[in-house]
file input-v5.txt (compact mmCIF, C-alpha atoms and all ligand atoms)
# COMPACT_ATOMS: atom_id res chain seq x y z
CA MET A 21 -7.72 20.50 -8.81
CA LYS A 22 -8.89 17.83 -11.26
CA ASP A 23 -8.47 14.21 -10.22
CA ASN A 24 -6.00 12.52 -12.49
CA ILE A 25 -6.12 9.01 -11.08
CA LYS A 26 -5.12 6.58 -13.78
CA GLY A 27 -6.47 3.08 -14.07
CA SER A 28 -5.43 0.29 -16.37
CA ASN A 29 -7.21 -2.79 -17.66
CA ILE A 30 -3.99 -4.41 -18.77
CA PHE A 31 -2.70 -7.15 -16.51
CA ARG A 32 -1.19 -10.58 -16.85
CA HIS A 33 -1.57 -13.95 -15.25
CA PHE A 34 1.88 -15.48 -14.83
CA LYS A 35 4.11 -17.69 -12.73
CA ALA A 36 6.91 -16.24 -10.63
CA GLU A 37 9.75 -17.90 -8.79
CA VAL A 38 10.44 -16.98 -5.18
CA LYS A 39 13.98 -15.63 -4.91
CA ASP A 40 13.85 -14.61 -1.27
CA ASN A 41 11.38 -14.53 1.59
CA ILE A 42 13.14 -12.72 4.41
CA GLU A 43 11.78 -12.25 7.91
CA LEU A 44 12.38 -8.57 8.72
CA ASN A 45 10.97 -8.46 12.22
CA LYS A 46 8.06 -9.94 14.17
CA ASN A 47 5.39 -10.96 11.62
CA HIS A 48 6.83 -8.91 8.73
CA PHE A 49 8.45 -10.40 5.63
CA LEU A 50 9.96 -9.20 2.36
CA LEU A 51 9.19 -11.49 -0.57
CA THR A 52 11.15 -11.20 -3.82
CA LEU A 53 9.65 -12.74 -6.94
CA SER A 54 11.17 -13.26 -10.34
CA PRO A 55 8.48 -13.54 -13.05
CA LEU A 56 8.93 -16.56 -15.31
CA VAL A 57 7.70 -14.60 -18.35
CA GLU A 58 9.37 -11.98 -20.52
CA ASN A 59 8.56 -8.28 -20.52
CA ILE A 60 6.14 -8.05 -17.66
CA MET A 61 4.37 -4.72 -17.25
CA MET A 62 5.99 -2.19 -14.99
CA PRO A 63 3.52 -1.53 -12.15
CA ALA A 64 2.69 2.02 -11.04
CA GLY A 65 2.84 3.16 -7.40
CA GLY A 66 -0.25 1.94 -5.55
CA GLN A 67 -1.03 -0.99 -7.84
CA PHE A 68 -1.26 -4.52 -6.50
CA TYR A 69 -0.94 -8.19 -7.39
CA MET A 70 -3.12 -11.15 -6.49
CA LEU A 71 -0.82 -13.92 -5.23
CA GLY A 72 -1.65 -17.60 -5.03
CA VAL A 73 0.02 -18.41 -1.73
CA SER A 74 -0.41 -22.16 -1.98
CA THR A 75 -0.15 -24.73 -4.75
CA LEU A 76 -2.87 -26.70 -2.93
CA TYR A 77 -6.53 -25.61 -2.94
CA ASP A 78 -6.43 -24.22 0.59
CA PRO A 79 -6.64 -21.30 0.71
CA LEU A 80 -8.32 -21.28 -2.68
CA MET A 81 -8.47 -17.52 -3.17
CA LYS A 82 -5.45 -15.49 -4.09
CA ARG A 83 -4.49 -12.71 -1.67
CA PRO A 84 -3.93 -9.04 -2.68
CA PHE A 85 -0.56 -7.38 -2.03
CA SER A 86 0.79 -3.97 -3.00
CA VAL A 87 3.88 -3.65 -5.11
CA PHE A 88 6.46 -2.60 -2.56
CA ARG A 89 9.31 -2.31 -5.06
CA PHE A 90 9.82 -3.25 -8.68
CA SER A 91 13.19 -3.27 -10.36
CA GLU A 92 14.99 -5.24 -13.02
CA ASN A 93 12.00 -7.53 -13.44
CA ARG A 94 11.92 -8.38 -9.72
CA ILE A 95 8.70 -7.82 -7.78
CA GLN A 96 9.05 -7.18 -4.07
CA ILE A 97 6.16 -7.58 -1.65
CA LEU A 98 6.35 -6.38 1.94
CA TYR A 99 3.81 -8.25 4.03
CA ARG A 100 2.52 -8.81 7.51
CA VAL A 101 1.30 -12.19 8.69
CA ARG A 102 -2.43 -11.85 9.47
CA GLY A 103 -4.15 -15.18 8.98
CA LYS A 104 -3.94 -18.51 7.22
CA GLY A 105 -2.78 -17.32 3.78
CA THR A 106 -0.01 -15.03 4.95
CA ALA A 107 1.12 -17.63 7.53
CA ILE A 108 1.54 -20.14 4.66
CA MET A 109 3.31 -17.44 2.65
CA SER A 110 5.79 -16.83 5.45
CA ARG A 111 6.95 -20.46 5.16
CA ILE A 112 7.53 -20.38 1.39
CA ASN A 113 11.13 -21.09 0.43
CA SER A 114 13.31 -19.80 -2.42
CA GLY A 115 12.71 -21.78 -5.61
CA CYS A 116 8.95 -22.17 -5.10
CA VAL A 117 6.77 -21.02 -7.98
CA LEU A 118 3.68 -18.89 -7.31
CA ASP A 119 0.70 -17.95 -9.44
CA VAL A 120 0.40 -14.16 -9.89
CA ILE A 121 -2.16 -11.83 -11.47
CA GLY A 122 -1.39 -8.16 -12.02
CA PRO A 123 -0.58 -5.38 -11.86
CA LEU A 124 -4.14 -4.46 -10.85
CA GLY A 125 -6.04 -1.36 -9.77
CA ASN A 126 -5.30 2.30 -10.35
CA SER A 127 -2.32 4.22 -9.01
CA TYR A 128 -1.41 7.29 -6.97
CA PRO A 129 -1.56 10.36 -9.23
CA MET A 130 1.60 12.49 -9.28
CA PRO A 131 1.16 15.82 -7.47
CA PRO A 132 0.77 18.98 -9.57
CA LYS A 133 3.82 21.27 -9.19
CA LYS A 134 2.36 23.70 -6.67
CA TYR A 135 1.66 20.95 -4.12
CA THR A 136 3.97 19.40 -1.53
CA PRO A 137 3.10 15.72 -1.14
CA LEU A 138 2.31 14.82 2.47
CA ILE A 139 2.57 11.05 2.72
CA VAL A 140 1.04 9.31 5.75
CA ALA A 141 1.64 5.58 6.21
CA GLY A 142 0.03 3.58 8.98
CA GLY A 143 1.58 0.18 9.73
CA ILE A 144 1.82 -2.10 6.72
CA GLY A 145 0.29 0.75 4.63
CA ILE A 146 3.95 1.65 4.00
CA ALA A 147 4.03 -1.23 1.47
CA SER A 148 1.63 0.59 -0.82
CA LEU A 149 3.26 4.04 -0.41
CA PHE A 150 6.93 3.08 -0.61
CA SER A 151 7.24 3.31 -4.40
CA LEU A 152 5.58 6.75 -4.36
CA ILE A 153 8.03 7.88 -1.66
CA HIS A 154 10.86 6.47 -3.75
CA CYS A 155 9.68 8.36 -6.79
CA LEU A 156 9.17 11.72 -4.99
CA LYS A 157 12.19 11.44 -2.64
CA ASP A 158 12.91 14.77 -0.97
CA LYS A 159 9.96 16.52 -2.62
CA SER A 160 7.70 14.94 -0.01
CA VAL A 161 7.06 15.14 3.71
CA VAL A 162 6.53 11.65 5.15
CA ILE A 163 4.93 10.46 8.38
CA TYR A 164 5.25 6.76 9.13
CA GLY A 165 3.64 5.34 12.24
CA ALA A 166 3.05 1.96 13.81
CA LYS A 167 1.86 0.62 17.13
CA THR A 168 5.34 -0.34 18.26
CA LYS A 169 8.96 -0.53 17.07
CA SER A 170 8.69 -4.17 15.96
CA GLU A 171 5.99 -3.21 13.45
CA LEU A 172 8.17 -0.66 11.65
CA CYS A 173 9.75 -1.91 8.41
CA MET A 174 12.51 -0.87 6.03
CA LEU A 175 13.49 2.16 8.16
CA ASP A 176 17.05 2.36 6.79
CA ASP A 177 15.73 2.49 3.23
CA LEU A 178 13.25 5.21 4.16
CA LEU A 179 15.82 7.29 6.05
CA GLY A 180 18.04 7.13 2.98
CA LEU A 181 15.21 8.34 0.74
CA VAL A 182 13.61 11.29 2.54
CA SER A 183 15.03 13.86 4.91
CA GLY A 184 11.56 15.06 5.94
CA LEU A 185 10.63 11.77 7.59
CA THR A 186 8.80 11.59 10.94
CA VAL A 187 8.61 8.13 12.47
CA CYS A 188 6.19 7.63 15.32
CA THR A 189 4.98 4.77 17.47
CA ASP A 190 1.90 4.64 19.68
CA ASP A 191 3.94 3.33 22.64
CA GLY A 192 7.01 5.54 22.08
CA SER A 193 9.31 2.53 21.57
CA TYR A 194 10.83 4.24 18.50
CA GLY A 195 10.72 7.83 17.22
CA LYS A 196 8.05 10.20 18.41
CA LYS A 197 5.48 8.84 20.89
CA ALA A 198 2.38 9.70 18.88
CA THR A 199 -0.17 8.42 16.43
CA VAL A 200 0.20 9.61 12.84
CA LEU A 201 -2.80 11.89 13.43
CA GLU A 202 -1.05 13.54 16.39
CA ALA A 203 2.13 13.88 14.31
CA LEU A 204 0.10 15.58 11.58
CA ASN A 205 -0.99 18.26 14.05
CA ASP A 206 2.65 19.31 14.47
CA ILE A 207 3.07 20.23 10.81
CA ALA A 208 3.05 23.90 9.86
CA TYR A 209 0.34 24.19 7.23
CA ASP A 210 2.09 27.08 5.51
CA ARG A 211 2.08 25.58 2.02
CA ASP A 212 -0.24 23.64 -0.26
CA TYR A 213 -0.05 20.03 0.84
CA LEU A 214 -1.55 17.13 -1.07
CA LEU A 215 -2.14 14.10 1.11
CA TYR A 216 -1.43 10.48 0.17
CA SER A 217 -2.24 7.77 2.66
CA CYS A 218 -2.68 4.05 3.24
CA GLY A 219 -3.25 2.29 6.53
CA PRO A 220 -5.95 0.92 8.82
CA LYS A 221 -9.49 1.98 7.87
CA GLU A 222 -10.11 3.75 11.18
CA MET A 223 -6.96 5.84 10.67
CA LEU A 224 -8.11 6.76 7.14
CA ARG A 225 -11.57 7.70 8.43
CA LYS A 226 -10.05 10.05 11.02
CA LEU A 227 -7.71 11.40 8.37
CA ALA A 228 -10.69 12.25 6.19
CA GLN A 229 -12.16 14.32 9.05
CA PHE A 230 -8.77 15.98 9.58
CA THR A 231 -8.39 16.93 5.89
CA LEU A 232 -11.90 18.37 5.85
CA LYS A 233 -11.10 20.51 8.89
CA LYS A 234 -7.79 21.69 7.40
CA GLY A 235 -9.14 22.13 3.86
CA LEU A 236 -6.60 19.63 2.51
CA LYS A 237 -7.05 17.51 -0.59
CA GLY A 238 -5.60 14.11 -1.15
CA TYR A 239 -5.82 10.45 -1.96
CA ILE A 240 -6.11 7.25 0.03
CA SER A 241 -5.61 3.65 -0.95
CA LEU A 242 -8.20 1.29 0.53
CA GLU A 243 -7.44 -2.30 1.47
CA GLU A 244 -10.73 -4.20 1.44
CA THR A 245 -10.92 -7.98 1.69
CA MET A 246 -10.86 -9.23 -1.91
CA ALA A 247 -11.99 -12.44 -3.53
CA CYS A 248 -11.41 -12.03 -7.28
CA GLY A 249 -9.39 -8.79 -7.45
CA LEU A 250 -10.66 -8.35 -11.00
CA GLY A 251 -13.96 -6.51 -10.58
CA ALA A 252 -16.18 -9.57 -11.01
CA CYS A 253 -17.42 -10.57 -7.53
CA LEU A 254 -18.32 -7.13 -6.08
CA GLY A 255 -16.93 -8.37 -2.76
CA CYS A 256 -14.71 -5.32 -2.30
CA ALA A 257 -17.36 -2.64 -2.98
CA VAL A 258 -17.28 0.46 -0.76
CA LYS A 259 -19.82 3.24 -0.46
CA THR A 260 -18.67 6.49 -2.02
CA LYS A 261 -20.49 9.80 -2.49
CA ASN A 262 -21.07 8.67 -6.11
CA GLY A 263 -22.49 5.24 -5.32
CA TYR A 264 -20.74 1.94 -4.65
CA LYS A 265 -17.26 1.46 -6.17
CA ARG A 266 -15.13 -1.67 -6.42
CA VAL A 267 -11.84 -1.12 -4.62
CA CYS A 268 -10.01 -3.58 -6.90
CA LYS A 269 -11.23 -1.96 -10.11
CA GLU A 270 -12.19 1.71 -9.58
CA GLY A 271 -9.59 1.89 -6.78
CA THR A 272 -7.65 1.13 -4.81
CA VAL A 273 -6.84 4.86 -4.83
CA PHE A 274 -9.72 7.29 -4.23
CA PRO A 275 -9.89 11.02 -3.50
CA ILE A 276 -10.16 11.07 0.30
CA GLN A 277 -13.36 13.09 0.41
CA ASP A 278 -15.16 10.76 -2.04
CA ILE A 279 -15.57 7.95 0.49
CA ALA A 280 -18.85 7.83 2.44
CA TRP A 281 -17.36 6.72 5.80
C1 LIG B 301 -5.10 -3.91 -2.58
C2 LIG B 301 -4.52 -4.51 -1.34
C3 LIG B 301 -3.16 -4.45 -1.12
C4 LIG B 301 -2.63 -5.03 0.04
N1 LIG B 301 -1.29 -4.94 0.22
C5 LIG B 301 -0.74 -5.54 1.28
C6 LIG B 301 0.66 -5.51 1.45
O1 LIG B 301 1.40 -4.99 0.62
N2 LIG B 301 1.17 -6.12 2.56
C7 LIG B 301 0.35 -6.74 3.49
O2 LIG B 301 0.86 -7.27 4.46
N3 LIG B 301 -0.96 -6.76 3.34
C8 LIG B 301 -1.54 -6.20 2.26
N4 LIG B 301 -2.89 -6.26 2.10
C9 LIG B 301 -3.69 -7.03 3.09
C10 LIG B 301 -3.55 -8.51 2.77
O3 LIG B 301 -4.18 -8.77 1.54
C11 LIG B 301 -4.23 -9.35 3.87
O4 LIG B 301 -3.51 -9.21 5.06
C12 LIG B 301 -4.25 -10.80 3.47
O5 LIG B 301 -5.13 -11.00 2.40
C13 LIG B 301 -4.71 -11.64 4.65
O6 LIG B 301 -4.76 -12.98 4.20
P1 LIG B 301 -4.67 -14.18 5.24
O7 LIG B 301 -5.08 -15.42 4.54
O8 LIG B 301 -3.38 -14.18 5.95
O9 LIG B 301 -5.72 -13.74 6.29
P2 LIG B 301 -7.23 -14.22 6.42
O10 LIG B 301 -7.23 -15.48 7.21
O11 LIG B 301 -7.92 -14.17 5.11
O12 LIG B 301 -7.71 -13.04 7.32
C14 LIG B 301 -7.08 -12.70 8.57
C15 LIG B 301 -7.60 -11.37 9.05
O13 LIG B 301 -7.23 -10.35 8.13
C16 LIG B 301 -8.38 -9.68 7.66
N5 LIG B 301 -8.16 -9.44 6.24
C17 LIG B 301 -8.17 -10.35 5.24
N6 LIG B 301 -7.93 -9.75 4.07
C18 LIG B 301 -7.77 -8.45 4.32
C19 LIG B 301 -7.53 -7.31 3.53
N7 LIG B 301 -7.43 -7.41 2.23
N8 LIG B 301 -7.40 -6.12 4.14
C20 LIG B 301 -7.56 -6.01 5.47
N9 LIG B 301 -7.79 -7.05 6.27
C21 LIG B 301 -7.91 -8.24 5.71
C22 LIG B 301 -9.53 -10.64 7.89
O14 LIG B 301 -10.75 -9.93 8.02
C23 LIG B 301 -9.10 -11.32 9.15
O15 LIG B 301 -9.41 -10.54 10.29
C24 LIG B 301 -3.46 -5.68 0.98
C25 LIG B 301 -4.83 -5.73 0.76
C26 LIG B 301 -5.35 -5.15 -0.39
C27 LIG B 301 -6.81 -5.23 -0.63
S1 LIG B 302 -12.54 -8.36 -5.31
FE1 LIG B 302 -14.04 -9.09 -6.68
S2 LIG B 302 -14.89 -7.22 -7.40
FE2 LIG B 302 -13.22 -6.56 -6.20
call {"tool": "encode", "arguments": {"input": "input-v5.txt", "output": "structure tokens"}}
result
Amino acid sequence: MKDNIKGSNIFRHFKAEVKDNIELNKNHFLLTLSPLVENIMMPAGGQFYMLGVSTLYDPLMKRPFSVFRFSENRIQILYRVRGKGTAIMSRINSGCVLDVIGPLGNSYPMPPKKYTPLIVAGGIGIASLFSLIHCLKDKSVVIYGAKTKSELCMLDDLLGLVSGLTVCTDDGSYGKKATVLEALNDIAYDRDYLLYSCGPKEMLRKLAQFTLKKGLKGYISLEETMACGLGACLGCAVKTKNGYKRVCKEGTVFPIQDIAW
């Protein structure tokens, strides 16, 4: 199978008004932005935006966020509060105007016909995979896992999209008591699956070992700490079997077996 990951060098720097910033559950928010420019580019599944979370100079750097959903010129970002920037973001009210750059990075390639997409989301990794799930709907098998129930997001939307959805939590507080890796073991590998995944790095590393063992192919989206998001600072470089690659520019999506873990 040839890799058909598409990248794009076309992005825009624009202002966007906050329409909503809803707290979904502990530490998770859904931000809706309305770009204050005409005809913004439609992002592809897996692409991201750099968001200026403060109008002050602290934090100075923009933060990267996946496009959770894009419709009728509204950009939705699903995010988890991690540190200073996202804590500031969680307090932003409707009407505020943010600085945005994007869409950036490459995107998840669509699966060739003979493959069944097997989508594995760990925690907030669901934000990056949601638009792919939306696009593939019932053509895909989806595993979504988090540590505990309060870290699961947008479950009703997901249940309405895919019938083949397994939800699991490490502590068993919702769905199957299992990690996504354990849930993967329960799948009957009786057809050609193509894996798509985003989540914590350790999960992706174990997933790479799993795919090697099972002879599966697939793609992962990496979430490295980013400074520029534009390919200039080299801060997001990761080691691949073909040398170092910038996650913001040559990624974020890579064939899973290309990464030198
Ligand atoms: C391409 C891309 C898409 C992303 N999409 C989303 C998304 O849709 N929703 C979401 O909630 N998060 C997403 N992230 C992660 C998000 O960018 C970080 O959580 C955010 O930058 C943290 O900023 P902060 O100021 O709150 O935390 P900081 O104070 O900067 O850091 C807090 C902690 O988070 C770690 N951290 C910082 N940046 C990242 C990062 N990029 N990835 C992993 N750990 C990080 C730091 O090492 C530190 O431990 C994405 C990251 C990338 C690279
Ligand atoms: S974040 Fe600067 S090169 Fe990727």
call {"tool": "residues_near_ligand", "arguments": {"input": "input-v5.txt", "ligand": "ligand LIG 301 (chain B)", "cutoff": "9 Å", "atoms": "all atoms listed in the file", "output": "PDB file with C-alpha atoms, in the frame of the given file"}}
result
ATOM      1  CA  HIS A  48       6.830  -8.910   8.730  1.00  0.00           C
ATOM      2  CA  PHE A  49       8.450 -10.400   5.630  1.00  0.00           C
ATOM      3  CA  GLY A  66      -0.250   1.940  -5.550  1.00  0.00           C
ATOM      4  CA  GLN A  67      -1.030  -0.990  -7.840  1.00  0.00           C
ATOM      5  CA  PHE A  68      -1.260  -4.520  -6.500  1.00  0.00           C
ATOM      6  CA  TYR A  69      -0.940  -8.190  -7.390  1.00  0.00           C
ATOM      7  CA  MET A  70      -3.120 -11.150  -6.490  1.00  0.00           C
ATOM      8  CA  VAL A  73       0.020 -18.410  -1.730  1.00  0.00           C
ATOM      9  CA  PRO A  79      -6.640 -21.300   0.710  1.00  0.00           C
ATOM     10  CA  MET A  81      -8.470 -17.520  -3.170  1.00  0.00           C
ATOM     11  CA  LYS A  82      -5.450 -15.490  -4.090  1.00  0.00           C
ATOM     12  CA  ARG A  83      -4.490 -12.710  -1.670  1.00  0.00           C
ATOM     13  CA  PRO A  84      -3.930  -9.040  -2.680  1.00  0.00           C
ATOM     14  CA  PHE A  85      -0.560  -7.380  -2.030  1.00  0.00           C
ATOM     15  CA  SER A  86       0.790  -3.970  -3.000  1.00  0.00           C
ATOM     16  CA  VAL A  87       3.880  -3.650  -5.110  1.00  0.00           C
ATOM     17  CA  PHE A  88       6.460  -2.600  -2.560  1.00  0.00           C
ATOM     18  CA  ILE A  97       6.160  -7.580  -1.650  1.00  0.00           C
ATOM     19  CA  LEU A  98       6.350  -6.380   1.940  1.00  0.00           C
ATOM     20  CA  TYR A  99       3.810  -8.250   4.030  1.00  0.00           C
ATOM     21  CA  ARG A 100       2.520  -8.810   7.510  1.00  0.00           C
ATOM     22  CA  VAL A 101       1.300 -12.190   8.690  1.00  0.00           C
ATOM     23  CA  ARG A 102      -2.430 -11.850   9.470  1.00  0.00           C
ATOM     24  CA  GLY A 103      -4.150 -15.180   8.980  1.00  0.00           C
ATOM     25  CA  LYS A 104      -3.940 -18.510   7.220  1.00  0.00           C
ATOM     26  CA  GLY A 105      -2.780 -17.320   3.780  1.00  0.00           C
ATOM     27  CA  THR A 106      -0.010 -15.030   4.950  1.00  0.00           C
ATOM     28  CA  ALA A 107       1.120 -17.630   7.530  1.00  0.00           C
ATOM     29  CA  ILE A 108       1.540 -20.140   4.660  1.00  0.00           C
ATOM     30  CA  MET A 109       3.310 -17.440   2.650  1.00  0.00           C
ATOM     31  CA  LEU A 124      -4.140  -4.460 -10.850  1.00  0.00           C
ATOM     32  CA  GLY A 125      -6.040  -1.360  -9.770  1.00  0.00           C
ATOM     33  CA  ILE A 144       1.820  -2.100   6.720  1.00  0.00           C
ATOM     34  CA  GLY A 145       0.290   0.750   4.630  1.00  0.00           C
ATOM     35  CA  ILE A 146       3.950   1.650   4.000  1.00  0.00           C
ATOM     36  CA  ALA A 147       4.030  -1.230   1.470  1.00  0.00           C
ATOM     37  CA  SER A 148       1.630   0.590  -0.820  1.00  0.00           C
ATOM     38  CA  PRO A 220      -5.950   0.920   8.820  1.00  0.00           C
ATOM     39  CA  LYS A 221      -9.490   1.980   7.870  1.00  0.00           C
ATOM     40  CA  SER A 241      -5.610   3.650  -0.950  1.00  0.00           C
ATOM     41  CA  LEU A 242      -8.200   1.290   0.530  1.00  0.00           C
ATOM     42  CA  GLU A 243      -7.440  -2.300   1.470  1.00  0.00           C
ATOM     43  CA  GLU A 244     -10.730  -4.200   1.440  1.00  0.00           C
ATOM     44  CA  THR A 245     -10.920  -7.980   1.690  1.00  0.00           C
ATOM     45  CA  MET A 246     -10.860  -9.230  -1.910  1.00  0.00           C
ATOM     46  CA  ALA A 247     -11.990 -12.440  -3.530  1.00  0.00           C
ATOM     47  CA  GLY A 249      -9.390  -8.790  -7.450  1.00  0.00           C
ATOM     48  CA  CYS A 256     -14.710  -5.320  -2.300  1.00  0.00           C
ATOM     49  CA  VAL A 267     -11.840  -1.120  -4.620  1.00  0.00           C
ATOM     50  CA  CYS A 268     -10.010  -3.580  -6.900  1.00  0.00           C
ATOM     51  CA  GLY A 271      -9.590   1.890  -6.780  1.00  0.00           C
ATOM     52  CA  THR A 272      -7.650   1.130  -4.810  1.00  0.00           C
TER      53      THR A 272
END
call {"tool": "closest_residue", "arguments": {"input": "input-v5.txt", "among": "A:Ala252, A:Leu204, A:Leu224, A:Leu51", "to": "A:Asn113", "atoms": "all atoms listed in the file"}}
result
A:Leu51
call {"tool": "closest_residue", "arguments": {"input": "input-v5.txt", "among": "A:Gly263, A:Gly143, A:Pro275, A:Gly255", "to": "ligand LIG 302 (chain B)", "atoms": "all atoms listed in the file"}}
result
A:Gly255
call {"tool": "atom_distance", "arguments": {"input": "input-v5.txt", "atom1": "atom CA of A:Arg111", "atom2": "atom CA of A:Tyr194"}}
result
28.3 Å
call {"tool": "closest_residue", "arguments": {"input": "input-v5.txt", "among": "A:Glu270, A:Asp212, A:Asp206, A:Asp177", "to": "A:Ser160", "atoms": "all atoms listed in the file"}}
result
A:Asp212
call {"tool": "build_atoms", "arguments": {"input": "input-v5.txt", "residues": "stretch 60-83 of chain A", "atoms": "N, CA and C atoms", "output": "compact mmCIF listing (two decimals), in the frame of the given file"}}
result
# COMPACT_ATOMS: atom_id res chain seq x y z
N ILE A 60 7.36 -8.29 -18.41
CA ILE A 60 6.14 -8.05 -17.66
C ILE A 60 5.95 -6.54 -17.50
N MET A 61 4.68 -6.15 -17.33
CA MET A 61 4.37 -4.72 -17.25
C MET A 61 4.94 -4.11 -16.00
N MET A 62 5.47 -2.91 -16.15
CA MET A 62 5.99 -2.19 -14.99
C MET A 62 4.79 -1.66 -14.19
N PRO A 63 4.67 -2.02 -12.92
CA PRO A 63 3.52 -1.53 -12.15
C PRO A 63 3.72 -0.06 -11.76
N ALA A 64 2.60 0.64 -11.53
CA ALA A 64 2.69 2.02 -11.04
C ALA A 64 2.49 2.01 -9.53
N GLY A 65 2.93 3.07 -8.86
CA GLY A 65 2.84 3.16 -7.40
C GLY A 65 1.39 3.06 -6.92
N GLY A 66 1.11 2.12 -6.07
CA GLY A 66 -0.25 1.94 -5.55
C GLY A 66 -0.94 0.74 -6.16
N GLN A 67 -0.39 0.20 -7.25
CA GLN A 67 -1.03 -0.99 -7.84
C GLN A 67 -0.72 -2.24 -7.02
N PHE A 68 -1.44 -3.31 -7.30
CA PHE A 68 -1.26 -4.52 -6.50
C PHE A 68 -1.30 -5.77 -7.36
N TYR A 69 -0.88 -6.87 -6.75
CA TYR A 69 -0.94 -8.19 -7.39
C TYR A 69 -1.80 -9.11 -6.55
N MET A 70 -2.46 -10.05 -7.20
CA MET A 70 -3.12 -11.15 -6.49
C MET A 70 -2.14 -12.32 -6.51
N LEU A 71 -1.80 -12.83 -5.33
CA LEU A 71 -0.82 -13.92 -5.23
C LEU A 71 -1.48 -15.21 -4.77
N GLY A 72 -1.23 -16.27 -5.49
CA GLY A 72 -1.65 -17.60 -5.03
C GLY A 72 -0.61 -18.06 -4.03
N VAL A 73 -1.00 -18.16 -2.77
CA VAL A 73 0.02 -18.41 -1.73
C VAL A 73 0.26 -19.90 -1.51
N SER A 74 -0.58 -20.73 -2.16
CA SER A 74 -0.41 -22.16 -1.98
C SER A 74 -0.65 -22.88 -3.31
N THR A 75 0.07 -23.96 -3.53
CA THR A 75 -0.15 -24.73 -4.75
C THR A 75 -1.30 -25.72 -4.52
N LEU A 76 -1.72 -25.85 -3.25
CA LEU A 76 -2.87 -26.70 -2.93
C LEU A 76 -4.14 -25.84 -3.07
N TYR A 77 -5.30 -26.40 -2.78
CA TYR A 77 -6.53 -25.61 -2.94
C TYR A 77 -6.95 -24.90 -1.66
N ASP A 78 -6.08 -24.85 -0.67
CA ASP A 78 -6.43 -24.22 0.59
C ASP A 78 -5.28 -23.33 1.06
N PRO A 79 -5.43 -22.03 1.09
CA PRO A 79 -6.64 -21.30 0.71
C PRO A 79 -6.79 -21.22 -0.81
N LEU A 80 -8.03 -21.25 -1.25
CA LEU A 80 -8.32 -21.28 -2.68
C LEU A 80 -8.09 -19.91 -3.32
N MET A 81 -8.53 -18.88 -2.59
CA MET A 81 -8.47 -17.52 -3.17
C MET A 81 -7.05 -16.95 -3.09
N LYS A 82 -6.72 -16.22 -4.13
CA LYS A 82 -5.45 -15.49 -4.09
C LYS A 82 -5.60 -14.33 -3.08
N ARG A 83 -4.47 -13.82 -2.61
CA ARG A 83 -4.49 -12.71 -1.67
C ARG A 83 -3.89 -11.47 -2.33
